file model.tsv (TSV, C-alpha atoms)
chain	number	residue	atom	x	y	z
A	1	MET	CA	9.53	11.53	28.35
A	2	THR	CA	6.05	11.11	26.83
A	3	ASN	CA	4.75	14.21	25.06
A	4	GLN	CA	1.57	15.52	26.71
A	5	THR	CA	0.21	17.51	23.77
A	6	LEU	CA	0.10	14.84	21.03
A	7	MET	CA	-3.06	12.72	20.86
A	8	ASN	CA	-2.31	9.21	22.02
A	9	THR	CA	-3.05	7.52	18.68
A	10	TYR	CA	0.26	5.69	18.30
A	11	GLY	CA	1.07	4.60	21.85
A	12	THR	CA	4.66	4.63	23.04
A	13	ARG	CA	7.16	5.46	20.28
A	14	ALA	CA	10.03	3.02	19.79
A	15	ALA	CA	12.80	5.60	19.25
A	16	THR	CA	13.47	9.19	18.20
A	17	LEU	CA	14.78	8.89	14.64
A	18	VAL	CA	16.71	11.96	13.53
A	19	LYS	CA	18.64	10.99	10.39
A	20	GLY	CA	18.37	8.62	7.44
A	21	ALA	CA	20.56	7.70	4.47
A	22	GLY	CA	19.90	4.83	2.07
A	23	ALA	CA	18.67	1.83	4.04
A	24	ARG	CA	20.06	3.18	7.35
A	25	LEU	CA	18.50	5.29	10.12
A	26	TRP	CA	19.97	6.84	13.26
A	27	ASP	CA	18.24	7.82	16.49
A	28	ALA	CA	18.91	10.75	18.82
A	29	GLU	CA	21.25	8.59	20.88
A	30	GLY	CA	23.43	7.86	17.85
A	31	ASN	CA	22.24	4.25	17.47
A	32	GLU	CA	22.19	2.94	13.88
A	33	TYR	CA	19.39	0.80	12.42
A	34	LEU	CA	19.03	-1.19	9.21
A	35	ASP	CA	15.55	-0.33	7.88
A	36	ALA	CA	13.60	-3.33	6.55
A	37	LEU	CA	10.30	-1.42	6.74
A	38	SER	CA	11.06	1.80	4.78
A	39	GLY	CA	8.46	3.83	6.64
A	40	ILE	CA	5.79	1.16	5.92
A	41	ALA	CA	6.48	0.85	2.18
A	42	VAL	CA	7.07	4.57	1.66
A	43	CYS	CA	10.80	5.06	1.02
A	44	GLY	CA	11.45	2.58	-1.78
A	45	LEU	CA	14.45	4.68	-2.84
A	46	GLY	CA	15.75	4.72	0.73
A	47	HIS	CA	16.09	7.73	3.00
A	48	SER	CA	17.19	11.18	1.85
A	49	HIS	CA	17.59	10.09	-1.77
A	50	PRO	CA	19.65	12.79	-3.54
A	51	ALA	CA	17.34	13.09	-6.57
A	52	VAL	CA	14.22	13.56	-4.42
A	53	ALA	CA	16.00	15.93	-2.02
A	54	LYS	CA	17.26	18.04	-4.94
A	55	ALA	CA	13.84	18.20	-6.60
A	56	VAL	CA	12.10	19.18	-3.35
A	57	ALA	CA	14.72	21.82	-2.50
A	58	GLU	CA	14.57	23.43	-5.94
A	59	GLN	CA	10.78	23.40	-6.04
A	60	ALA	CA	10.54	24.81	-2.49
A	61	THR	CA	12.51	27.87	-3.56
A	62	THR	CA	10.41	28.36	-6.70
A	63	LEU	CA	6.74	27.65	-5.91
A	64	THR	CA	5.67	25.40	-3.04
A	65	HIS	CA	1.93	25.55	-3.48
A	66	CYS	CA	-0.85	26.96	-5.58
A	67	SER	CA	-4.45	25.85	-5.66
A	68	ASN	CA	-5.99	23.61	-8.28
A	69	PHE	CA	-7.67	26.70	-9.75
A	70	PHE	CA	-4.45	26.97	-11.77
A	71	THR	CA	-2.50	24.78	-14.17
A	72	ILE	CA	0.35	22.99	-12.39
A	73	PRO	CA	2.97	21.77	-14.90
A	74	ASN	CA	4.49	19.24	-12.47
A	75	GLN	CA	1.03	17.76	-11.93
A	76	GLU	CA	0.48	17.29	-15.65
A	77	ARG	CA	3.95	15.75	-16.11
A	78	LEU	CA	3.34	13.33	-13.24
A	79	ALA	CA	-0.10	12.35	-14.55
A	80	ASP	CA	1.44	11.61	-17.96
A	81	LYS	CA	4.18	9.52	-16.31
A	82	LEU	CA	1.74	7.54	-14.18
A	83	CYS	CA	-0.64	6.85	-17.07
A	84	ALA	CA	2.26	5.68	-19.24
A	85	ALA	CA	3.53	3.41	-16.45
A	86	SER	CA	0.13	1.94	-15.66
A	87	GLY	CA	-1.91	1.80	-18.87
A	88	MET	CA	-4.57	4.00	-17.23
A	89	ASP	CA	-6.09	7.13	-18.79
A	90	LYS	CA	-6.64	9.80	-16.12
A	91	VAL	CA	-5.46	10.68	-12.61
A	92	PHE	CA	-6.82	12.49	-9.55
A	93	PHE	CA	-4.22	13.57	-6.98
A	94	GLY	CA	-4.82	13.72	-3.22
A	95	ASN	CA	-2.55	13.61	-0.19
A	96	SER	CA	-2.69	10.00	0.96
A	97	GLY	CA	-3.82	6.47	0.26
A	98	ALA	CA	-7.00	6.94	2.24
A	99	GLU	CA	-7.83	10.03	0.20
A	100	ALA	CA	-7.16	8.15	-3.04
A	101	ASN	CA	-9.44	5.35	-1.84
A	102	GLU	CA	-12.17	7.85	-0.93
A	103	ALA	CA	-12.03	9.05	-4.54
A	104	ALA	CA	-12.41	5.48	-5.78
A	105	ILE	CA	-15.44	4.87	-3.53
A	106	LYS	CA	-17.07	8.08	-4.78
A	107	MET	CA	-16.42	6.99	-8.37
A	108	ALA	CA	-18.13	3.66	-7.64
A	109	ARG	CA	-21.19	5.51	-6.40
A	110	LEU	CA	-21.25	7.73	-9.49
A	111	HIS	CA	-21.03	4.58	-11.60
A	112	GLY	CA	-23.87	2.96	-9.66
A	113	HIS	CA	-26.18	5.94	-9.98
A	114	LYS	CA	-25.37	6.11	-13.70
A	115	LYS	CA	-26.61	2.52	-13.94
A	116	GLY	CA	-29.84	3.50	-12.15
A	117	ILE	CA	-28.98	1.84	-8.83
A	118	LYS	CA	-30.61	3.79	-6.00
A	119	LEU	CA	-28.24	2.66	-3.22
A	120	PRO	CA	-24.96	1.67	-4.91
A	121	THR	CA	-22.93	-0.93	-3.02
A	122	VAL	CA	-19.21	-1.72	-3.23
A	123	LEU	CA	-18.11	-5.31	-2.66
A	124	VAL	CA	-15.01	-5.45	-0.42
A	125	MET	CA	-13.02	-8.29	1.16
A	126	ASP	CA	-12.60	-9.83	4.60
A	127	ASN	CA	-9.34	-8.71	6.28
A	128	ALA	CA	-8.99	-5.76	3.89
A	129	PHE	CA	-7.47	-2.47	5.01
A	130	HIS	CA	-8.29	0.63	2.96
A	131	GLY	CA	-7.54	3.42	5.45
A	132	ARG	CA	-8.76	5.20	8.57
A	133	THR	CA	-11.14	7.86	7.24
A	134	LEU	CA	-14.78	7.06	7.96
A	135	ALA	CA	-15.57	5.64	4.51
A	136	THR	CA	-12.31	3.74	4.13
A	137	LEU	CA	-12.47	2.19	7.61
A	138	SER	CA	-16.05	1.15	6.78
A	139	ALA	CA	-14.68	-0.56	3.67
A	140	SER	CA	-11.92	-2.23	5.72
A	141	GLY	CA	-12.50	-5.70	7.10
A	142	GLY	CA	-11.20	-5.59	10.63
A	143	ARG	CA	-13.19	-4.64	13.71
A	144	ARG	CA	-9.92	-3.25	15.14
A	145	VAL	CA	-10.14	-0.14	12.95
A	146	GLN	CA	-13.95	0.12	13.07
A	147	ALA	CA	-14.69	-0.34	16.78
A	148	GLY	CA	-15.92	2.83	18.46
A	149	PHE	CA	-16.65	4.68	15.23
A	150	GLU	CA	-20.15	3.41	14.56
A	151	PRO	CA	-22.36	4.19	12.74
A	152	LEU	CA	-20.22	3.13	9.81
A	153	VAL	CA	-20.73	4.37	6.26
A	154	ARG	CA	-23.33	2.25	4.46
A	155	GLY	CA	-22.97	0.80	1.02
A	156	PHE	CA	-20.46	-2.03	1.44
A	157	ALA	CA	-20.94	-5.80	1.09
A	158	ARG	CA	-18.21	-8.27	2.02
A	159	ALA	CA	-16.85	-11.54	0.60
A	160	MET	CA	-13.95	-13.84	1.43
A	161	PHE	CA	-10.60	-12.96	-0.17
A	162	ASN	CA	-9.32	-15.25	-2.94
A	163	ASP	CA	-12.64	-17.15	-2.99
A	164	MET	CA	-14.77	-16.89	-6.15
A	165	GLU	CA	-17.56	-19.01	-4.65
A	166	SER	CA	-17.96	-16.54	-1.77
A	167	LEU	CA	-17.87	-13.64	-4.21
A	168	THR	CA	-20.55	-15.18	-6.43
A	169	THR	CA	-22.83	-15.93	-3.48
A	170	VAL	CA	-22.65	-12.36	-2.17
A	171	ALA	CA	-23.12	-10.93	-5.68
A	172	ASP	CA	-26.16	-13.08	-6.41
A	173	ASN	CA	-27.84	-11.85	-3.24
A	174	ASN	CA	-27.16	-8.14	-3.70
A	175	PRO	CA	-28.36	-6.52	-6.95
A	176	SER	CA	-27.13	-3.09	-5.74
A	177	ILE	CA	-23.44	-3.99	-6.10
A	178	CYS	CA	-21.79	-1.89	-8.78
A	179	ALA	CA	-18.06	-2.21	-8.03
A	180	LEU	CA	-15.47	-4.50	-6.50
A	181	PHE	CA	-12.66	-2.99	-4.40
A	182	VAL	CA	-9.76	-5.24	-3.48
A	183	GLU	CA	-6.11	-5.12	-2.39
A	184	PRO	CA	-4.19	-7.49	-4.67
A	185	ILE	CA	-1.92	-8.14	-1.68
A	186	GLN	CA	-3.48	-7.62	1.73
A	187	GLY	CA	-0.69	-5.79	3.58
A	188	GLU	CA	-2.23	-5.09	7.00
A	189	GLY	CA	-4.07	-8.38	6.61
A	190	GLY	CA	-0.79	-10.32	6.75
A	191	ILE	CA	0.80	-10.21	3.23
A	192	ARG	CA	-1.92	-12.39	1.70
A	193	MET	CA	-1.66	-12.41	-2.08
A	194	ALA	CA	-4.29	-12.67	-4.78
A	195	SER	CA	-3.26	-15.18	-7.42
A	196	SER	CA	-3.02	-14.10	-11.06
A	197	GLU	CA	-5.87	-16.47	-11.86
A	198	TYR	CA	-8.03	-14.84	-9.19
A	199	LEU	CA	-7.37	-11.34	-10.54
A	200	GLN	CA	-8.17	-12.52	-14.07
A	201	GLN	CA	-11.41	-14.09	-12.79
A	202	LEU	CA	-12.29	-10.82	-11.03
A	203	ARG	CA	-11.78	-8.89	-14.27
A	204	GLU	CA	-14.08	-11.28	-16.17
A	205	PHE	CA	-16.66	-11.29	-13.35
A	206	CYS	CA	-16.82	-7.48	-13.23
A	207	ASP	CA	-17.14	-7.27	-17.02
A	208	GLN	CA	-20.04	-9.73	-16.99
A	209	ARG	CA	-21.93	-7.75	-14.36
A	210	GLY	CA	-21.07	-4.22	-15.43
A	211	TRP	CA	-19.12	-3.56	-12.22
A	212	LEU	CA	-16.02	-1.44	-11.83
A	213	LEU	CA	-12.91	-3.44	-10.89
A	214	MET	CA	-11.06	-1.19	-8.41
A	215	LEU	CA	-7.66	-2.19	-7.01
A	216	ASP	CA	-6.11	-0.69	-3.87
A	217	GLU	CA	-2.39	-0.60	-4.67
A	218	VAL	CA	-1.55	1.99	-2.02
A	219	GLN	CA	1.11	-0.38	-0.65
A	220	THR	CA	1.84	-2.65	-3.64
A	221	GLY	CA	2.33	0.13	-6.21
A	222	ASN	CA	5.39	2.10	-7.30
A	223	GLY	CA	7.63	-0.84	-8.07
A	224	ARG	CA	7.41	-2.71	-4.78
A	225	THR	CA	6.43	-6.15	-6.17
A	226	GLY	CA	8.74	-6.12	-9.21
A	227	LYS	CA	6.46	-4.22	-11.60
A	228	TYR	CA	5.08	-0.71	-11.27
A	229	PHE	CA	1.71	-2.13	-10.16
A	230	TYR	CA	0.97	-5.65	-8.93
A	231	TYR	CA	-1.87	-6.17	-11.44
A	232	GLN	CA	0.69	-6.00	-14.24
A	233	HIS	CA	1.90	-9.47	-13.19
A	234	SER	CA	-1.48	-10.90	-14.23
A	235	GLY	CA	-2.01	-9.08	-17.54
A	236	ILE	CA	-5.27	-7.33	-16.58
A	237	ILE	CA	-6.23	-3.65	-16.58
A	238	PRO	CA	-8.50	-2.49	-13.74
A	239	ASP	CA	-11.04	0.29	-14.14
A	240	VAL	CA	-9.66	2.14	-11.13
A	241	VAL	CA	-6.39	1.79	-9.21
A	242	THR	CA	-5.23	3.78	-6.19
A	243	THR	CA	-1.72	4.34	-4.90
A	244	SER	CA	0.22	6.49	-2.47
A	245	LYS	CA	2.90	5.23	-0.09
A	246	GLY	CA	5.94	4.96	-2.36
A	247	LEU	CA	4.80	7.57	-4.84
A	248	GLY	CA	6.63	10.54	-3.28
A	249	ASN	CA	9.34	8.58	-1.39
A	250	GLY	CA	8.31	10.29	1.85
A	251	VAL	CA	6.55	13.42	0.61
A	252	PRO	CA	2.79	12.87	1.09
A	253	ILE	CA	0.86	12.34	-2.14
A	254	GLY	CA	-1.88	9.94	-3.27
A	255	ALA	CA	-3.35	9.15	-6.66
A	256	CYS	CA	-6.55	7.60	-7.99
A	257	LEU	CA	-6.14	6.45	-11.61
A	258	ALA	CA	-8.98	5.43	-13.92
A	259	HIS	CA	-9.29	3.68	-17.27
A	260	GLY	CA	-11.89	3.71	-20.03
A	261	GLU	CA	-15.41	4.84	-19.13
A	262	ALA	CA	-14.43	5.11	-15.45
A	263	ALA	CA	-12.01	7.89	-16.38
A	264	GLU	CA	-14.97	10.07	-17.39
A	265	LEU	CA	-17.02	9.62	-14.20
A	266	MET	CA	-15.60	12.57	-12.25
A	267	GLN	CA	-16.72	15.97	-13.50
A	268	PRO	CA	-16.02	19.51	-12.26
A	269	GLY	CA	-17.41	19.96	-8.76
A	270	ASN	CA	-17.58	16.23	-7.95
A	271	HIS	CA	-14.32	16.08	-6.02
A	272	GLY	CA	-11.25	18.08	-5.02
A	273	SER	CA	-8.28	18.48	-2.69
A	274	THR	CA	-6.61	21.69	-1.52
A	275	PHE	CA	-3.10	20.28	-1.35
A	276	GLY	CA	-3.50	17.32	-3.72
A	277	GLY	CA	-0.98	17.37	-6.57
A	278	ASN	CA	0.63	20.65	-5.58
A	279	PRO	CA	3.98	21.64	-7.14
A	280	LEU	CA	6.10	20.42	-4.21
A	281	ALA	CA	4.50	16.96	-3.85
A	282	CYS	CA	4.55	16.41	-7.62
A	283	ALA	CA	8.23	17.41	-7.84
A	284	ALA	CA	9.04	14.73	-5.26
A	285	ALA	CA	6.92	12.13	-7.07
A	286	LEU	CA	8.41	12.98	-10.47
A	287	ALA	CA	11.93	12.56	-9.08
A	288	THR	CA	10.88	9.27	-7.51
A	289	ILE	CA	9.30	7.76	-10.62
A	290	ASN	CA	12.15	9.01	-12.84
A	291	THR	CA	14.69	7.34	-10.55
A	292	LEU	CA	12.66	4.12	-10.40
A	293	GLN	CA	12.57	3.96	-14.18
A	294	ASP	CA	16.10	5.21	-14.95
A	295	GLU	CA	17.69	2.76	-12.51
A	296	ASN	CA	15.24	-0.10	-13.22
A	297	LEU	CA	14.52	-0.39	-9.51
A	298	SER	CA	11.32	-2.43	-9.94
A	299	ALA	CA	13.49	-5.24	-11.29
A	300	ARG	CA	15.88	-4.68	-8.37
A	301	ALA	CA	12.93	-5.02	-5.97
A	302	ALA	CA	12.14	-8.43	-7.45
A	303	ILE	CA	15.76	-9.64	-7.18
A	304	LEU	CA	16.23	-8.26	-3.67
A	305	GLY	CA	12.94	-9.75	-2.46
A	306	ASP	CA	13.85	-13.18	-3.87
A	307	ARG	CA	17.23	-13.02	-2.11
A	308	ILE	CA	15.66	-12.18	1.25
A	309	MET	CA	12.89	-14.78	0.95
A	310	THR	CA	15.34	-17.48	-0.12
A	311	GLY	CA	17.56	-16.54	2.83
A	312	PHE	CA	14.71	-16.92	5.30
A	313	LYS	CA	13.42	-20.14	3.74
A	314	THR	CA	16.90	-21.63	4.09
A	315	ALA	CA	17.53	-20.31	7.59
A	316	LEU	CA	14.11	-21.25	8.95
A	317	THR	CA	13.76	-24.71	7.44
A	318	ASP	CA	12.12	-27.07	9.92
A	319	VAL	CA	11.43	-24.30	12.47
A	320	GLU	CA	8.18	-25.66	13.83
A	321	HIS	CA	6.43	-22.38	14.67
A	322	VAL	CA	6.99	-20.85	11.21
A	323	VAL	CA	3.76	-21.42	9.28
A	324	GLU	CA	4.66	-19.83	5.92
A	325	ILE	CA	7.08	-17.41	4.24
A	326	ARG	CA	5.35	-15.59	1.37
A	327	GLY	CA	5.30	-12.40	-0.65
A	328	LYS	CA	6.27	-10.76	-3.90
A	329	GLY	CA	9.32	-8.57	-4.49
A	330	CYS	CA	10.06	-6.32	-1.52
A	331	MET	CA	6.81	-7.19	0.25
A	332	ILE	CA	7.45	-10.23	2.44
A	333	GLY	CA	5.51	-11.91	5.24
A	334	ILE	CA	6.75	-14.54	7.69
A	335	GLU	CA	3.76	-16.07	9.49
A	336	LEU	CA	4.23	-17.72	12.88
A	337	ASN	CA	1.71	-19.92	14.66
A	338	LYS	CA	1.51	-17.51	17.63
A	339	PRO	CA	1.37	-13.77	18.37
A	340	CYS	CA	4.81	-12.22	17.93
A	341	LYS	CA	4.58	-8.43	18.39
A	342	SER	CA	7.51	-8.55	20.85
A	343	LEU	CA	9.78	-9.40	17.90
A	344	PHE	CA	9.61	-5.72	16.90
A	345	PRO	CA	11.47	-4.40	19.99
A	346	ALA	CA	13.74	-7.47	19.95
A	347	ALA	CA	14.81	-6.64	16.40
A	348	MET	CA	15.21	-2.94	17.26
A	349	ALA	CA	17.59	-3.93	20.05
A	350	GLN	CA	19.66	-5.74	17.40
A	351	GLY	CA	19.67	-2.70	15.10
A	352	LEU	CA	16.95	-3.85	12.68
A	353	ILE	CA	13.57	-2.21	11.97
A	354	ILE	CA	10.72	-4.60	11.07
A	355	ASN	CA	6.97	-4.70	11.61
A	356	VAL	CA	4.47	-7.25	12.91
A	357	THR	CA	0.95	-7.21	11.49
A	358	ALA	CA	-2.16	-9.38	11.88
A	359	ASP	CA	-0.70	-10.31	15.34
A	360	SER	CA	1.45	-13.17	14.02
A	361	VAL	CA	2.93	-12.07	10.66
A	362	ILE	CA	6.35	-10.41	10.44
A	363	ARG	CA	6.08	-7.83	7.65
A	364	LEU	CA	9.19	-6.78	5.74
A	365	LEU	CA	9.07	-3.88	3.26
A	366	PRO	CA	12.73	-3.05	2.56
A	367	PRO	CA	13.84	-0.22	0.28
A	368	PHE	CA	14.80	-1.33	-3.22
A	369	ILE	CA	18.26	0.28	-2.96
A	370	MET	CA	19.29	-2.08	-0.15
A	371	THR	CA	22.57	-3.80	-1.02
A	372	ASP	CA	22.98	-7.57	-1.15
A	373	ASP	CA	25.09	-7.41	2.02
A	374	GLU	CA	22.38	-5.44	3.81
A	375	ALA	CA	19.73	-7.94	2.63
A	376	ASP	CA	21.84	-10.76	4.07
A	377	GLN	CA	22.15	-8.80	7.33
A	378	VAL	CA	18.34	-8.66	7.59
A	379	VAL	CA	18.24	-12.46	7.47
A	380	ALA	CA	21.28	-12.87	9.75
A	381	ILE	CA	19.76	-10.64	12.47
A	382	LEU	CA	16.12	-11.71	12.27
A	383	ALA	CA	16.28	-15.46	11.60
A	384	PRO	CA	17.88	-16.32	15.00
A	385	LEU	CA	15.28	-14.16	16.78
A	386	ILE	CA	12.51	-16.09	15.02
A	387	LYS	CA	14.12	-19.46	15.76
A	388	ASP	CA	14.45	-18.68	19.46
A	389	PHE	CA	11.06	-16.97	19.77
A	390	LYS	CA	8.79	-18.52	22.37
A	391	GLN	CA	5.51	-16.61	22.88
A	392	ASP	CA	4.30	-13.08	23.54
call {"tool": "encode", "arguments": {"input": "model.tsv", "output": "structure tokens"}}
result
Amino acid sequence: MTNQTLMNTYGTRAATLVKGAGARLWDAEGNEYLDALSGIAVCGLGHSHPAVAKAVAEQATTLTHCSNFFTIPNQERLADKLCAASGMDKVFFGNSGAEANEAAIKMARLHGHKKGIKLPTVLVMDNAFHGRTLATLSASGGRRVQAGFEPLVRGFARAMFNDMESLTTVADNNPSICALFVEPIQGEGGIRMASSEYLQQLREFCDQRGWLLMLDEVQTGNGRTGKYFYYQHSGIIPDVVTTSKGLGNGVPIGACLAHGEAAELMQPGNHGSTFGGNPLACAAALATINTLQDENLSARAAILGDRIMTGFKTALTDVEHVVEIRGKGCMIGIELNKPCKSLFPAAMAQGLIINVTADSVIRLLPPFIMTDDEADQVVAILAPLIKDFKQD
């Protein structure tokens, strides 16, 4: 039965999930599913991880919340951990990726005004997705998230992703640009990756023009691509990086990290969040990052992702409607030459949870704790469905 009191923002739900453990989920009917989506890149440690559950339970019986008027030891410990893992200097905590991205956009505007720019502009990319708040959907590239919400927030210019010529042309025609905001892998956009050379060119370009280089690692952060952040594959340091999804392994928390002069932009009164970085959320995130580091799960994400991609490349060789299999670590896209959203319910019927994005790209975001046998099951279940797929 469809609930009559929830706003209809998600359409018909696929199942009623009531229990999770590791890479497995169960619905209210007792059906078991292998989860190759991990709550859209959230549960990198899998479901109901004992370390996170223990930390949340202990914190909930001690102090769940206090406002940011007070020192929060867990918040300070987590900020230290994140800065050490990322090479950044300071952190602002919110509740989500969109909230972290809002902080980044506000920092860009502070930076622009500091440079004497009257109407600071942030350069963003085609096909980007930065969130669903008014500013972040304005920064996003797809009409699908913007339609109906006009007027959009001003102050964004747009260039083509992975294209320095497009970037240069837009920059040369807009002297108000003061920052560049980019996802190093476009997740919603279809698992489209920035090359290391491109990220290095962006760093040099921003330095030359006095812009902030701001990376949206809401989905790519927290070990998912084989390093804590994706930019660490290319040897650069951004001025600002945002993250969220995998940070609390299911407990909502977002973070905006800054380096160098950018770390000094925010001052008391500029920004805030009632719940951001509260004791409970930070306890979950500390347990998550400690487990990631103690068990070297970023490296596991790289190995697991290679195994799954190799499996699909072998199984789908010469399948005419497969355009490309791409990705990094546990962030994998299989692009078909036709819309394929019906593969989601087809996989569910076989006991596998996947996602389809950008209409024709199968998106896989498995938890890093998935076993080799489970990784092989993902390929064994999904590859035949892709081979036999006709058309939505």
call {"tool": "closest_residue", "arguments": {"input": "model.tsv", "among": "A:Leu382, A:Asn270, A:Ala84, A:Gly142", "to": "Leu316 in chain A", "atoms": "all atoms listed in the file"}}
result
A:Leu382
call {"tool": "closest_residue", "arguments": {"input": "model.tsv", "among": "A:Cys330, A:Ala283, A:Val240, A:Val319", "to": "Ala60 in chain A", "atoms": "only C-alpha atoms"}}
result
A:Ala283
call {"tool": "closest_residue", "arguments": {"input": "model.tsv", "among": "A:Glu324, A:Asp239, A:Glu264, A:Glu217", "to": "Ala179 in chain A", "atoms": "all atoms listed in the file"}}
result
A:Asp239
call {"tool": "residues_around", "arguments": {"input": "model.tsv", "residues": "His111 in chain A", "least_positions_apart": "4", "cutoff": "9 Å", "atoms": "all atoms listed in the file", "output": "VMD selection string"}}
result
chain A and resid 106 to 107 115 to 117 120 178 to 179 211 to 212 262 265
call {"tool": "residues_around", "arguments": {"input": "model.tsv", "residues": "range 231-235 of chain A", "least_positions_apart": "2", "cutoff": "7 Å", "atoms": "all atoms listed in the file", "output": "MDAnalysis selection string"}}
result
chainID A and resid 196 199:200 227 229 237
call {"tool": "residues_around", "arguments": {"input": "model.tsv", "residues": "Cys340 in chain A", "least_positions_apart": "6", "cutoff": "9 Å", "atoms": "only C-alpha atoms", "output": "VMD selection string"}}
result
chain A and resid 356 359 to 362 389 to 392
call {"tool": "atom_distance", "arguments": {"input": "model.tsv", "atom1": "CA of His130 in chain A", "atom2": "CA of Ala255 in chain A"}}
result
13.8 Å
call {"tool": "residues_around", "arguments": {"input": "model.tsv", "residues": "Thr136 in chain A", "least_positions_apart": "6", "cutoff": "8 Å", "atoms": "all atoms listed in the file", "output": "ChimeraX atom specification"}}
result
/A:98,101-102,129-130
call {"tool": "write_last_selection", "arguments": {"input": "model.tsv", "atoms": "C-alpha atoms", "output": "PDB file, keeping the file's coordinate frame"}}
result
ATOM      1  CA  ALA A  98      -7.000   6.940   2.240  1.00  0.00           C
ATOM      2  CA  ASN A 101      -9.440   5.350  -1.840  1.00  0.00           C
ATOM      3  CA  GLU A 102     -12.170   7.850  -0.930  1.00  0.00           C
ATOM      4  CA  PHE A 129      -7.470  -2.470   5.010  1.00  0.00           C
ATOM      5  CA  HIS A 130      -8.290   0.630   2.960  1.00  0.00           C
TER       6      HIS A 130
END
call {"tool": "atom_distance", "arguments": {"input": "model.tsv", "atom1": "CA of Met160 in chain A", "atom2": "CA of Thr357 in chain A"}}
result
19.2 Å
call {"tool": "residues_around", "arguments": {"input": "model.tsv", "residues": "Gly155 in chain A", "least_positions_apart": "6", "cutoff": "8 Å", "atoms": "only C-alpha atoms", "output": "list in words"}}
result
Leu119, Pro120, Thr121 and Val122 of chain A
call {"tool": "atom_distance", "arguments": {"input": "model.tsv", "atom1": "CA of Gln186 in chain A", "atom2": "CA of Gly329 in chain A"}}
result
14.3 Å
call {"tool": "closest_residue", "arguments": {"input": "model.tsv", "among": "A:Leu78, A:Ile332, A:Ile253, A:Val153", "to": "Leu134 in chain A", "atoms": "all atoms listed in the file"}}
result
A:Val153
call {"tool": "residues_near_point", "arguments": {"input": "model.tsv", "point": "(5.2, 4.9, -19.2)", "cutoff": "12 Å", "atoms": "all atoms listed in the file", "output": "list in words"}}
result
Arg77, Leu78, Ala79, Asp80, Lys81, Leu82, Cys83, Ala84, Ala85, Ser86, Gly87, Met88, Asp89, Lys227, Tyr228, Phe229, Ile289, Asn290, Leu292, Gln293 and Asp294 of chain A
call {"tool": "closest_residue", "arguments": {"input": "model.tsv", "among": "A:Ala287, A:Ile386, A:Leu257, A:Met309", "to": "Leu336 in chain A", "atoms": "all atoms listed in the file"}}
result
A:Ile386
call {"tool": "closest_residue", "arguments": {"input": "model.tsv", "among": "A:Met164, A:Val251, A:Met125, A:Ala299", "to": "Ser96 in chain A", "atoms": "only C-alpha atoms"}}
result
A:Val251
call {"tool": "axis_aligned_box", "arguments": {"input": "model.tsv", "around": "range 230-239 of chain A", "padding_each_side": "6 Å", "output": "AutoDock Vina command-line options"}}
result
--center_x -4.6 --center_y -5.3 --center_z -13.2 --size_x 24.9 --size_y 23.2 --size_z 20.6
